[in-house]
Amino acid sequence: MSNYDLATKCVQSGYKPANGEPRVMPIVQSTTYKYDSSETMAKLFDLAEPGYFYTRLANPTNDYVAQKICDLEGGVAAILTSSGQAASLYSILNVAEAGDHIVCSAAIYGGTFNLFSVTMKRMGIEFTFVDPDCDAKTLDQAFRPNTKALFGESISNPSLQIIDINMFVKAAQKHGVPLIIDNTFPTPINFRPLEHGANVVIHSTTKYMDGHATSVGGCIVDGGNFDWNSHPDKFPSFSTPDESYHGVIYTEAFGNAAYFAKILAQLMRDLGAIPSPHNAFLLNLGLETLHLRMKQHCSNALEVAEYLQNHPKVKWIKHPGLPGDQYYERAREFMPEGTCGVISFGVEGGREGAQGFMDNLNLAAVVTHVADARTCVLHPASTTHRQLSDQQLAEAGVSPDLIRFSVGIESAKDIIADLEQALAQI
């Protein structure tokens with residue numbers, strides 16, 4: 001559906017019913033698939049023919065939804081994962097192993113930072129974290145001969161820093177590595193990294209894509225625009241036989257979808273972080289209204305940000321769509337239709353003031369979630385980022401008083417009224 005607008009893709013991409021088939025995408029709740037001959041099954045296992053044989057590797061419902069996200073991002077192939085964390089993990093494990101190195105923006109979600117800096121470090125993969133606002137020379141100096149990827153968030157969670165996509169693309173291309181972008185906050189409705197030269201896009205679909213806090217999930221989109229054959233010494237697993245999967249050579253068998261195929265045949269086979277078909281079904285319902293909800297999220301967030309900006313008890317505020325914000329001009333350049341519905345700000349009283357303010361909110365719920373249809377709020381320094389040291393918090397752009405306020409799609413008037421009464425009690 002490459003010729004259709006994003007709104008149409010949200011509703012129509014993915015599942016295409018044939019004559020007499022269900023109009024609504026079916027839930028294929030089956031672990032296995034029956035065939036008439038062992039020869040056919042053998043060809044499926046060899047990836048010589050398309051088809052399904054075990055849901056841990058692929059499922060029709062999951063594939064329909066992955067294809068929709070792929071269409072929205074403009075990629076060549078996509079795969080769903082059981083969580084955003086699994087998407088982050090797989091995106092790196094697909095190109096790196098023990099002894100390898102990754103360059104990564106320091107301004108990323110706390111759970112991702114811990115995954116990279118602690119868990120994957122134990123696996124033997126080392127990460128160098130750089131300030132996303134660093135200059136090109138500093139970024140260039142972070143690379144090593146064994147660097148296998150460059151990773152960043154398009155809009156960081158929760159510091160709301162917008163990555164300099166052009167600088168990151170140039171650095172990745174110079175060093176012959178793929179650029180992996182977590183595009184969870186803006187979604188493809190507001191920003192499509194592949195159009196700017198990124199190579200892989202990942203999402204925590206738990207957030208705006210699902211939009212209703214019903215299903216944890218993730219997605220990895222292969223942009224199909226990285227030439228693995230041009231870097232055989234750096235990425236031999238793409239262009240040499242995979243003896244763990246019948247000697248398949250991914251670049252030969254799958255062309256520009258080699259990155260996707262390797263995730264499917266290796267990581268999903270061995271680690272199995274596949275979502276349930278029912279969760280994929282619920283995700284699809286969220287995707288059908290994504291284009292409508294993102295407009296409302298962004299509109300409400302800007303109205304709320306303007307209110308907070310002028311409140312005497314609000315010490316500082318960050319929102320890329322707010323004139324005067326550090327990333328306002330970058331947002332206008334790369335995300336002219338809007339950024340996201342998340343606001344970060346601090347109130348009088350520092351950490352204690354932030355927690356007291358949050359406890360007094362009525363409409364906005366204190367939950368470990370963000371990017372929901374319902375307005376929600378969280379104190380990252382004591383929750384999602386509590387495992388980080390003070391120095392790591394500063395590098396991630398998370399101050400002790402930072403309040404992450406995720407503006408929902410309710411009436412902006414009611415959201416502001418709730419903020420007003422809570423601020424009055426500080």
# chains A, B, ... in the order shown; residues from 1 in each chain; ligands from 1
>>> residues_around(residues="Pro312 in chain A", least_positions_apart="2", cutoff="12 Å", atoms="only C-alpha atoms", output="mmCIF file with C-alpha atoms, in the first residue's frame")
data_model
loop_
_atom_site.group_PDB
_atom_site.id
_atom_site.type_symbol
_atom_site.label_atom_id
_atom_site.label_comp_id
_atom_site.auth_asym_id
_atom_site.auth_seq_id
_atom_site.Cartn_x
_atom_site.Cartn_y
_atom_site.Cartn_z
ATOM 1 C CA TYR A 307 -0.337 26.381 30.606
ATOM 2 C CA LEU A 308 2.531 24.897 32.629
ATOM 3 C CA GLN A 309 5.056 27.256 31.071
ATOM 4 C CA ASN A 310 3.265 30.219 32.620
ATOM 5 C CA VAL A 314 6.599 25.199 37.578
ATOM 6 C CA LYS A 315 10.366 25.716 37.645
ATOM 7 C CA TRP A 316 11.126 24.389 34.167
ATOM 8 C CA ILE A 317 9.412 22.560 31.306
ATOM 9 C CA GLY A 346 9.805 20.229 37.451
ATOM 10 C CA VAL A 347 7.907 21.932 40.262
ATOM 11 C CA GLU A 348 8.820 23.759 43.453
ATOM 12 C CA GLU A 420 -4.166 23.428 38.554
ATOM 13 C CA LEU A 423 -0.184 22.634 41.811
ATOM 14 C CA ALA A 424 -2.220 24.726 44.237
ATOM 15 C CA ILE A 426 2.340 22.437 46.691
#
>>> closest_atom_pairs(of="range 264-356 of chain A", to="range 48-62 of chain A", cutoff="9 Å", atoms="only C-alpha atoms", output="JSON lines")
{"residue": "A:Leu264", "atom": "CA", "partner": "A:Leu57", "partner_atom": "CA", "distance": 6.3}
{"residue": "A:Ala265", "atom": "CA", "partner": "A:Leu57", "partner_atom": "CA", "distance": 7.4}
{"residue": "A:Met268", "atom": "CA", "partner": "A:Leu57", "partner_atom": "CA", "distance": 5.9}
{"residue": "A:Arg269", "atom": "CA", "partner": "A:Leu57", "partner_atom": "CA", "distance": 5.9}
{"residue": "A:Gly272", "atom": "CA", "partner": "A:Arg56", "partner_atom": "CA", "distance": 5.7}
{"residue": "A:Ala273", "atom": "CA", "partner": "A:Arg56", "partner_atom": "CA", "distance": 7.8}
{"residue": "A:Ile274", "atom": "CA", "partner": "A:Arg56", "partner_atom": "CA", "distance": 6.0}
{"residue": "A:Pro275", "atom": "CA", "partner": "A:Asn62", "partner_atom": "CA", "distance": 7.5}
{"residue": "A:Ser276", "atom": "CA", "partner": "A:Asn62", "partner_atom": "CA", "distance": 7.9}
{"residue": "A:Pro277", "atom": "CA", "partner": "A:Thr61", "partner_atom": "CA", "distance": 5.7}
{"residue": "A:His278", "atom": "CA", "partner": "A:Thr61", "partner_atom": "CA", "distance": 8.2}
{"residue": "A:Asn279", "atom": "CA", "partner": "A:Asn62", "partner_atom": "CA", "distance": 8.7}
{"residue": "A:Ala280", "atom": "CA", "partner": "A:Asn62", "partner_atom": "CA", "distance": 5.5}
{"residue": "A:Phe281", "atom": "CA", "partner": "A:Thr61", "partner_atom": "CA", "distance": 6.9}
>>> select_by_dssp(residues="range 224-333 of chain A", states="helix (DSSP H, G or I)", output="MDAnalysis selection string")
chainID A and resid 228:230 236:239 243:245 250:271 277:287 290:309 328:333
>>> atom_distance(atom1="CA of Gln266 in chain A", atom2="CA of Ile79 in chain A")
12.9 Å
>>> closest_atom_pairs(of="range 230-292 of chain A", to="range 146-166 of chain A", cutoff="12 Å", atoms="only C-alpha atoms", output="tab-separated table")
residue	atom	partner	partner_atom	distance
A:His231	CA	A:Lys148	CA	10.6
A:Asp233	CA	A:Asn146	CA	10.3
A:Lys234	CA	A:Lys148	CA	7.3
A:Phe235	CA	A:Lys148	CA	8.1
A:Pro236	CA	A:Lys148	CA	11.6
